[in-house]
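**Q** My structure is in input34.tsv, and what it holds is TSV, C-alpha atoms and all ligand atoms:
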```
chain	number	residue	atom	x	y	z
A	718	GLU	CA	113.12	104.18	70.08
A	719	ASN	CA	114.59	105.51	73.32
A	720	ARG	CA	117.10	108.27	73.90
A	721	LEU	CA	119.50	108.96	76.74
A	722	ILE	CA	120.96	112.46	76.76
A	723	ILE	CA	123.89	113.18	79.03
A	724	HIS	CA	124.50	116.91	78.90
A	725	ASN	CA	127.49	118.77	80.35
A	726	VAL	CA	127.75	116.43	83.30
A	727	GLY	CA	130.27	117.31	85.99
A	728	LYS	CA	131.04	115.56	89.27
A	729	THR	CA	133.71	116.17	91.89
A	730	TYR	CA	133.88	113.93	94.94
A	731	ARG	CA	134.23	115.57	98.29
A	732	ARG	CA	137.70	114.12	98.74
A	733	GLY	CA	139.37	113.91	95.39
A	734	ARG	CA	139.74	115.43	92.01
A	735	ARG	CA	137.15	115.96	89.36
A	736	ALA	CA	135.72	112.62	88.28
A	737	LEU	CA	133.60	113.98	85.39
A	738	ASP	CA	134.16	117.20	83.49
A	739	SER	CA	131.51	118.49	81.04
A	740	VAL	CA	130.58	115.10	79.61
A	741	THR	CA	127.99	115.25	76.81
A	742	LEU	CA	126.65	112.18	74.99
A	743	SER	CA	123.47	111.18	73.18
A	744	LEU	CA	122.51	107.50	72.94
A	745	GLY	CA	119.71	105.77	71.04
A	746	ASN	CA	118.78	102.09	71.10
A	747	GLY	CA	121.79	99.84	70.67
A	748	LEU	CA	125.00	98.96	72.41
A	749	PHE	CA	127.08	102.00	73.34
A	750	GLY	CA	130.62	101.39	74.57
A	751	LEU	CA	132.26	103.66	77.11
A	752	LEU	CA	135.98	103.01	76.97
A	753	GLY	CA	138.60	104.31	79.36
A	754	PRO	CA	141.45	103.35	81.68
A	755	ASN	CA	141.06	102.85	85.42
A	756	GLY	CA	140.12	106.06	87.15
A	757	ALA	CA	138.75	107.65	83.97
A	758	GLY	CA	135.34	108.23	85.51
A	759	LYS	CA	133.40	105.38	83.89
A	760	SER	CA	131.85	104.04	87.08
A	761	THR	CA	131.01	107.56	88.20
A	762	LEU	CA	129.13	108.14	84.96
A	763	MET	CA	127.42	104.75	85.17
A	764	ARG	CA	126.30	105.34	88.77
A	765	SER	CA	125.11	108.82	87.86
A	766	VAL	CA	123.03	107.49	84.97
A	767	ALA	CA	121.70	104.77	87.28
A	768	THR	CA	120.71	107.58	89.71
A	769	LEU	CA	122.80	106.10	92.53
A	770	GLN	CA	124.56	109.38	93.06
A	771	ARG	CA	123.99	112.99	92.24
A	772	ILE	CA	125.89	114.99	89.67
A	773	ASP	CA	127.12	118.50	90.44
A	774	THR	CA	126.36	120.09	87.08
A	775	GLY	CA	124.54	119.27	83.87
A	776	SER	CA	121.62	116.98	83.24
A	777	ILE	CA	120.79	113.37	82.46
A	778	ARG	CA	117.56	112.83	80.55
A	779	PHE	CA	115.97	109.62	79.36
A	780	ASN	CA	113.11	110.10	76.90
A	781	ASP	CA	110.93	112.64	78.73
A	782	ILE	CA	112.44	112.06	82.15
A	783	ASP	CA	114.78	114.55	83.80
A	784	THR	CA	116.61	112.48	86.42
A	785	GLN	CA	117.87	115.53	88.30
A	786	GLN	CA	114.35	116.67	88.97
A	787	ASP	CA	113.25	113.28	90.23
A	788	PRO	CA	115.18	110.00	89.91
A	789	GLY	CA	112.08	107.86	90.58
A	790	PRO	CA	110.62	107.62	87.07
A	791	LEU	CA	113.92	106.55	85.52
A	792	ARG	CA	114.53	103.93	88.20
A	793	ALA	CA	111.33	102.23	87.09
A	794	GLN	CA	112.78	101.87	83.56
A	795	LEU	CA	116.35	101.08	84.46
A	796	GLY	CA	118.39	97.91	84.74
A	797	TYR	CA	121.82	98.16	86.36
A	798	LEU	CA	124.65	95.68	86.65
A	799	PRO	CA	127.24	97.25	88.97
A	800	GLN	CA	130.93	96.55	88.65
A	801	ASP	CA	131.09	94.78	92.00
A	802	PHE	CA	127.95	92.69	91.60
A	803	GLY	CA	128.55	89.28	93.11
A	804	VAL	CA	127.58	89.05	96.75
A	805	TYR	CA	125.10	86.22	97.02
A	806	PRO	CA	123.49	84.27	99.75
A	807	GLY	CA	123.19	80.53	99.04
A	808	LEU	CA	119.94	80.90	97.11
A	809	SER	CA	119.25	79.29	93.75
A	810	ALA	CA	118.92	81.56	90.73
A	811	VAL	CA	115.18	81.08	90.54
A	812	ARG	CA	114.63	81.83	94.23
A	813	LEU	CA	116.96	84.81	94.23
A	814	LEU	CA	115.23	86.27	91.16
A	815	ASP	CA	111.89	85.63	92.77
A	816	TYR	CA	112.99	87.48	95.88
A	817	LEU	CA	114.38	90.42	93.87
A	818	ALA	CA	111.19	90.57	91.81
A	819	ILE	CA	109.06	90.74	94.96
A	820	VAL	CA	111.25	93.55	96.28
A	821	LYS	CA	110.67	95.33	92.96
A	822	GLY	CA	106.95	95.13	93.58
A	823	PHE	CA	105.91	92.14	91.47
A	824	THR	CA	103.50	90.72	93.99
A	825	ASP	CA	101.39	88.67	91.59
A	826	ALA	CA	102.96	85.21	91.68
A	827	ARG	CA	101.96	83.81	88.28
A	828	PRO	CA	103.15	86.65	86.02
A	829	ARG	CA	106.21	87.01	88.21
A	830	ARG	CA	107.23	83.39	87.70
A	831	MET	CA	106.55	83.61	83.98
A	832	GLN	CA	108.79	86.67	83.78
A	833	ILE	CA	111.52	84.90	85.73
A	834	ASP	CA	111.40	81.78	83.55
A	835	GLN	CA	111.68	83.98	80.48
A	836	LEU	CA	114.68	85.81	81.91
A	837	LEU	CA	116.37	82.53	82.82
A	838	GLU	CA	115.80	81.27	79.27
A	839	ARG	CA	117.03	84.47	77.74
A	840	THR	CA	120.24	84.49	79.75
A	841	GLY	CA	120.88	80.78	79.18
A	842	LEU	CA	120.50	79.85	82.86
A	843	PHE	CA	117.25	77.94	82.79
A	844	ALA	CA	118.85	74.49	83.03
A	845	ASP	CA	120.86	75.64	86.07
A	846	ARG	CA	118.07	77.61	87.70
A	847	HIS	CA	117.98	75.45	90.82
A	848	ALA	CA	121.74	75.64	91.46
A	849	ALA	CA	123.04	78.20	93.98
A	850	VAL	CA	124.19	81.39	92.28
A	851	SER	CA	127.20	81.36	94.64
A	852	GLU	CA	128.30	78.13	92.90
A	853	TYR	CA	127.97	79.60	89.39
A	854	SER	CA	130.99	80.25	87.17
A	855	GLY	CA	132.02	83.87	86.59
A	856	GLY	CA	130.25	83.96	83.24
A	857	MET	CA	127.04	82.52	84.66
A	858	ARG	CA	127.11	85.04	87.49
A	859	GLN	CA	127.38	87.89	85.07
A	860	ARG	CA	124.49	86.49	83.02
A	861	PHE	CA	122.55	86.22	86.24
A	862	GLY	CA	123.46	89.87	86.83
A	863	ILE	CA	121.82	90.69	83.51
A	864	ALA	CA	118.76	88.59	84.37
A	865	GLN	CA	118.23	90.55	87.60
A	866	ALA	CA	118.82	93.84	85.76
A	867	LEU	CA	116.10	92.91	83.26
A	868	LEU	CA	113.42	92.43	85.90
A	869	GLY	CA	110.58	94.78	85.07
A	870	GLN	CA	111.54	95.13	81.38
A	871	PRO	CA	113.79	98.18	81.54
A	872	ARG	CA	114.36	100.41	78.52
A	873	LEU	CA	117.81	101.46	79.67
A	874	LEU	CA	120.47	98.96	80.72
A	875	VAL	CA	123.66	100.15	82.44
A	876	VAL	CA	126.43	97.54	82.58
A	877	ASP	CA	129.69	98.44	84.34
A	878	GLU	CA	132.87	96.53	83.33
A	879	PRO	CA	131.11	93.18	83.17
A	880	THR	CA	133.73	90.95	81.57
A	881	ALA	CA	136.72	91.45	83.85
A	882	GLY	CA	137.95	87.98	84.81
A	883	LEU	CA	135.84	86.08	82.27
A	884	ASP	CA	137.50	83.67	79.86
A	885	PRO	CA	137.16	84.37	76.10
A	886	SER	CA	134.23	82.02	75.50
A	887	GLU	CA	132.31	83.37	78.49
A	888	ARG	CA	133.05	86.90	77.34
A	889	ASN	CA	131.81	86.12	73.87
A	890	ARG	CA	128.61	84.60	75.21
A	891	PHE	CA	128.02	87.60	77.44
A	892	HIS	CA	128.56	89.95	74.52
A	893	GLN	CA	126.10	88.06	72.34
A	894	LEU	CA	123.52	88.43	75.09
A	895	LEU	CA	124.05	92.19	75.27
A	896	CYS	CA	123.88	92.52	71.48
A	897	GLY	CA	120.53	90.76	71.38
A	898	LEU	CA	119.14	92.96	74.13
A	899	SER	CA	120.35	96.18	72.58
A	900	GLU	CA	117.93	95.89	69.66
A	901	GLN	CA	115.11	96.98	71.94
A	902	MET	CA	116.81	99.24	74.45
A	903	VAL	CA	119.68	101.56	75.19
A	904	VAL	CA	122.60	99.56	76.56
A	905	LEU	CA	125.47	101.54	78.07
A	906	LEU	CA	128.51	99.29	78.54
A	907	SER	CA	131.71	100.42	80.21
A	908	THR	CA	135.00	98.63	79.71
A	909	HIS	CA	138.73	99.18	79.59
A	910	ILE	CA	139.11	96.55	76.84
A	911	VAL	CA	139.40	98.18	73.40
A	912	ASP	CA	138.43	95.03	71.49
A	913	ASP	CA	135.14	94.68	73.38
A	914	VAL	CA	134.04	98.03	72.06
A	915	ARG	CA	135.53	97.62	68.60
A	916	ASN	CA	133.80	94.33	67.92
A	917	LEU	CA	130.45	95.08	69.50
A	918	CYS	CA	129.41	98.68	69.50
A	919	ARG	CA	128.22	100.89	66.69
A	920	GLN	CA	128.73	103.97	68.83
A	921	MET	CA	131.33	104.59	71.49
A	922	ALA	CA	133.12	107.18	73.56
A	923	VAL	CA	136.51	107.40	75.22
A	924	LEU	CA	136.76	108.88	78.69
A	925	ASP	CA	140.04	109.85	80.34
A	926	HIS	CA	140.56	111.85	83.53
A	927	GLY	CA	136.86	112.64	83.54
A	928	ARG	CA	136.90	114.15	80.08
A	929	LEU	CA	135.48	112.89	76.83
A	930	ARG	CA	138.38	112.35	74.42
A	931	PHE	CA	136.30	110.93	71.59
A	932	SER	CA	132.79	109.97	70.66
A	933	GLY	CA	131.63	108.36	67.42
A	934	THR	CA	132.00	105.04	65.65
A	935	PRO	CA	134.84	102.60	66.41
A	936	GLU	CA	135.96	102.99	62.76
A	937	ALA	CA	136.33	106.74	63.20
A	938	LEU	CA	138.43	106.18	66.32
A	939	VAL	CA	140.74	103.76	64.49
A	940	GLN	CA	141.22	106.27	61.66
A	941	ARG	CA	142.28	108.86	64.17
A	942	LEU	CA	145.00	106.68	65.68
B	1	LIG	P1	136.63	104.19	86.43
B	1	LIG	O1	135.32	103.52	86.63
B	1	LIG	O2	136.86	104.66	85.03
B	1	LIG	O3	137.79	103.38	86.95
B	1	LIG	P2	135.79	105.94	88.60
B	1	LIG	O4	134.54	106.62	88.21
B	1	LIG	O5	135.69	104.77	89.51
B	1	LIG	O6	136.62	105.56	87.29
B	1	LIG	O7	136.77	106.98	89.30
B	1	LIG	C1	137.02	108.29	88.74
B	1	LIG	C2	137.82	109.10	89.76
B	1	LIG	O8	137.00	109.38	90.90
B	1	LIG	C3	139.05	108.39	90.29
B	1	LIG	O9	140.04	109.37	90.53
B	1	LIG	C4	138.55	107.80	91.60
B	1	LIG	O10	139.60	107.63	92.52
B	1	LIG	C5	137.56	108.84	92.08
B	1	LIG	N1	136.45	108.27	92.87
B	1	LIG	C6	135.59	107.29	92.48
B	1	LIG	N2	134.68	107.05	93.44
B	1	LIG	C7	134.98	107.88	94.47
B	1	LIG	C8	134.40	108.11	95.76
B	1	LIG	N3	133.32	107.45	96.18
B	1	LIG	N4	134.98	109.05	96.56
B	1	LIG	C9	136.07	109.75	96.13
B	1	LIG	N5	136.64	109.58	94.93
B	1	LIG	C10	136.12	108.66	94.11
B	2	LIG	P1	128.25	111.64	97.09
B	2	LIG	O1	128.41	112.96	96.36
B	2	LIG	O2	128.85	111.65	98.45
B	2	LIG	O3	128.69	110.47	96.26
B	2	LIG	P2	125.48	112.08	96.53
B	2	LIG	O4	125.40	113.53	96.90
B	2	LIG	O5	125.65	111.72	95.12
B	2	LIG	O6	126.68	111.42	97.35
B	2	LIG	O7	124.19	111.38	97.16
B	2	LIG	C1	123.61	110.27	96.61
B	2	LIG	C2	122.25	110.08	97.19
B	2	LIG	O8	121.32	111.06	96.67
B	2	LIG	C3	121.63	108.73	96.82
B	2	LIG	O9	121.15	108.12	97.99
B	2	LIG	C4	120.51	109.05	95.86
B	2	LIG	O10	119.46	108.12	96.01
B	2	LIG	C5	120.08	110.43	96.26
B	2	LIG	N1	119.43	111.21	95.19
B	2	LIG	C6	118.41	112.07	95.38
B	2	LIG	N2	118.03	112.65	94.24
B	2	LIG	C7	118.86	112.14	93.27
B	2	LIG	C8	118.99	112.36	91.87
B	2	LIG	N3	118.20	113.20	91.17
B	2	LIG	N4	119.93	111.67	91.20
B	2	LIG	C9	120.75	110.85	91.86
B	2	LIG	N5	120.69	110.60	93.18
B	2	LIG	C10	119.76	111.24	93.89
```
Could you rewrite the structure in this file as structure tokens?
Ligand code: ADP
Ligand code: ADP

**A**
Amino acid sequence: ENRLIIHNVGKTYRRGRRALDSVTLSLGNGLFGLLGPNGAGKSTLMRSVATLQRIDTGSIRFNDIDTQQDPGPLRAQLGYLPQDFGVYPGLSAVRLLDYLAIVKGFTDARPRRMQIDQLLERTGLFADRHAAVSEYSGGMRQRFGIAQALLGQPRLLVVDEPTAGLDPSERNRFHQLLCGLSEQMVVLLSTHIVDDVRNLCRQMAVLDHGRLRFSGTPEALVQRL
């Protein structure tokens, strides 16, 4: 069992208003939904957890790791699918994953290829592994995004608004993939779609103007409305 503890996190951008204001959350294994409208601060929180930017106040801890002291150890256990993922050269999925795995330090060819085949299977892309990722459908691209995030077997997966622009069947397939993964790791999913969270997540939070408006189960949120 893993635990991500976000404690009193605050962030103000140099030009702009406060993006996060005293946000506190505790997440165990499973799919956790972060719901909020545009500008709520979701991406800021996701990037902060992914150690892509610093926070001004508070702390972000994963298991024994304090990311503010040193982001390195968490990065080794982290998978991240950014909101704007989708810039590809003309490489096939298998070659692109191979390249990304080498960059991540997997220099041993045989275990690397085994890992990549497993990830392609797991994300349902194995049959299309030799097609260019740039030719993939939106849903396939997002599943490829998960495959690359899973390189190195992370214990924390951060997925930022992944289903924007996907049709319902692609969305459903993507959600099933996340549900399966979340049995073994902490999955933090941000979205502005209420139904995504309601149908998928046992635990959730609502962010608005950088502040936490709610955290708990989707049922508890519905009772409040
Ligand atoms: P969300 O992901 O919920 O749409 P964001 O975290 O992207 O919210 O944005 C939260 C607030 O911070 C917004 O007011 C946004 O304009 C601002 N913001 C986000 N990124 C930056 C940045 N790099 N520089 C300045 N302001 C930013
Ligand atoms: P801005 O406030 O303009 O968005 P930041 O001050 O957040 O920019 O700077 C982000 C940079 O700081 C990144 O390059 C990141 O790698 C680096 N960094 C160093 N230590 C940490 C840390 N503990 N957590 C997050 N980012 C860190």

**Q** Counting all atoms listed in the file, what is within 9 Å of range 895-904 of chain A, bar same-chain residues fewer than 4 positions away, as a list of chain:residue names?

**A** A:Glu718, A:Asn719, A:Arg720, A:Leu721, A:Leu744, A:Gly745, A:Asn746, A:Gly747, A:Leu748, A:Phe749, A:Gly750, A:Ile863, A:Pro871, A:Arg872, A:Leu873, A:Leu874, A:Val875, A:Val876, A:Arg890, A:Phe891, A:Leu917, A:Cys918

**Q** Identify, on the basis of all atoms listed in the file, every residue whose closest approach to Pro790 in chain A does not exceed 10 Å; exclude the query and any residue fewer than 5 positions from it along the same chain; express the result as a list in words.

**A**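 Residues near the query, excluding close chain neighbours: Phe779, Asp781, Ile782, Asp783, Thr784 and Leu795 of chain A.
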
**Q** Could you tell me how far CA of Gln920 in chain A sits from CA of Thr934 in chain A, in Å to one decimal place?

**A**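 Distance reported for this atom pair: 4.7 Å.
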
**Q** Chain A near ligand LIG 1 (chain B) within 9 Å: what's each residue's closest atom pair and its distance in Å to one decimal, counting only C-alpha atoms and all ligand atoms, ordered by chain then ascending residue number, as a Markdown table?

**A**
```
| residue | atom | partner | partner_atom | distance |
| --- | --- | --- | --- | --- |
| A:Lys728 | CA | B:LIG1 | O8 | 8.7 |
| A:Thr729 | CA | B:LIG1 | O8 | 7.6 |
| A:Tyr730 | CA | B:LIG1 | C9 | 4.9 |
| A:Arg731 | CA | B:LIG1 | C9 | 6.5 |
| A:Arg732 | CA | B:LIG1 | C9 | 5.3 |
| A:Gly733 | CA | B:LIG1 | N5 | 5.1 |
| A:Arg734 | CA | B:LIG1 | O9 | 6.2 |
| A:Arg735 | CA | B:LIG1 | O8 | 6.8 |
| A:Ala736 | CA | B:LIG1 | C2 | 4.4 |
| A:Leu737 | CA | B:LIG1 | C1 | 7.4 |
| A:Leu752 | CA | B:LIG1 | O2 | 8.3 |
| A:Gly753 | CA | B:LIG1 | O2 | 5.9 |
| A:Pro754 | CA | B:LIG1 | O2 | 5.8 |
| A:Asn755 | CA | B:LIG1 | O3 | 3.6 |
| A:Gly756 | CA | B:LIG1 | O6 | 3.5 |
| A:Ala757 | CA | B:LIG1 | O2 | 3.7 |
| A:Gly758 | CA | B:LIG1 | O4 | 3.2 |
| A:Lys759 | CA | B:LIG1 | O2 | 3.7 |
| A:Ser760 | CA | B:LIG1 | O1 | 3.5 |
| A:Thr761 | CA | B:LIG1 | O4 | 3.7 |
| A:Leu762 | CA | B:LIG1 | O4 | 6.5 |
| A:Met763 | CA | B:LIG1 | O4 | 8.0 |
| A:Arg764 | CA | B:LIG1 | O4 | 8.4 |
| A:Gln800 | CA | B:LIG1 | O1 | 8.5 |
| A:Asp877 | CA | B:LIG1 | O1 | 7.9 |
| A:Glu878 | CA | B:LIG1 | O1 | 8.1 |
| A:Ser907 | CA | B:LIG1 | O1 | 8.0 |
| A:Thr908 | CA | B:LIG1 | O2 | 8.3 |
| A:His909 | CA | B:LIG1 | O2 | 7.9 |
| A:Leu924 | CA | B:LIG1 | O2 | 7.6 |
| A:Asp925 | CA | B:LIG1 | O2 | 7.7 |
| A:His926 | CA | B:LIG1 | C1 | 7.2 |
| A:Gly927 | CA | B:LIG1 | C1 | 6.8 |
```

**Q** Excluding range 830-841 of chain A and residues on its chain fewer than 3 positions from it, collect all residues at most 12 Å away from it, counting only C-alpha atoms, and give them as a PyMOL selection string.

**A** chain A and resi 809-819+823-827+844-847+856-870+887+890-895+897-898

**Q** What are the closest atom pairs, with distances in Å to one decimal, for all residues of chain A lying within 7 Å of ligand LIG 2 (chain B)? Consider only C-alpha atoms and all ligand atoms, order rows by chain and residue number, and present the result as a tab-separated table.

**A**
```
residue	atom	partner	partner_atom	distance
A:Tyr730	CA	B:LIG2	O1	5.7
A:Arg731	CA	B:LIG2	O2	6.7
A:Ser765	CA	B:LIG2	C9	6.3
A:Thr768	CA	B:LIG2	C9	3.9
A:Leu769	CA	B:LIG2	C4	5.0
A:Gln770	CA	B:LIG2	O5	3.3
A:Arg771	CA	B:LIG2	O5	3.6
A:Ile772	CA	B:LIG2	O5	6.4
A:Thr784	CA	B:LIG2	N3	5.1
A:Gln785	CA	B:LIG2	N3	3.7
A:Gln786	CA	B:LIG2	N3	5.6
A:Asp787	CA	B:LIG2	N3	5.0
A:Pro788	CA	B:LIG2	N3	4.6
```
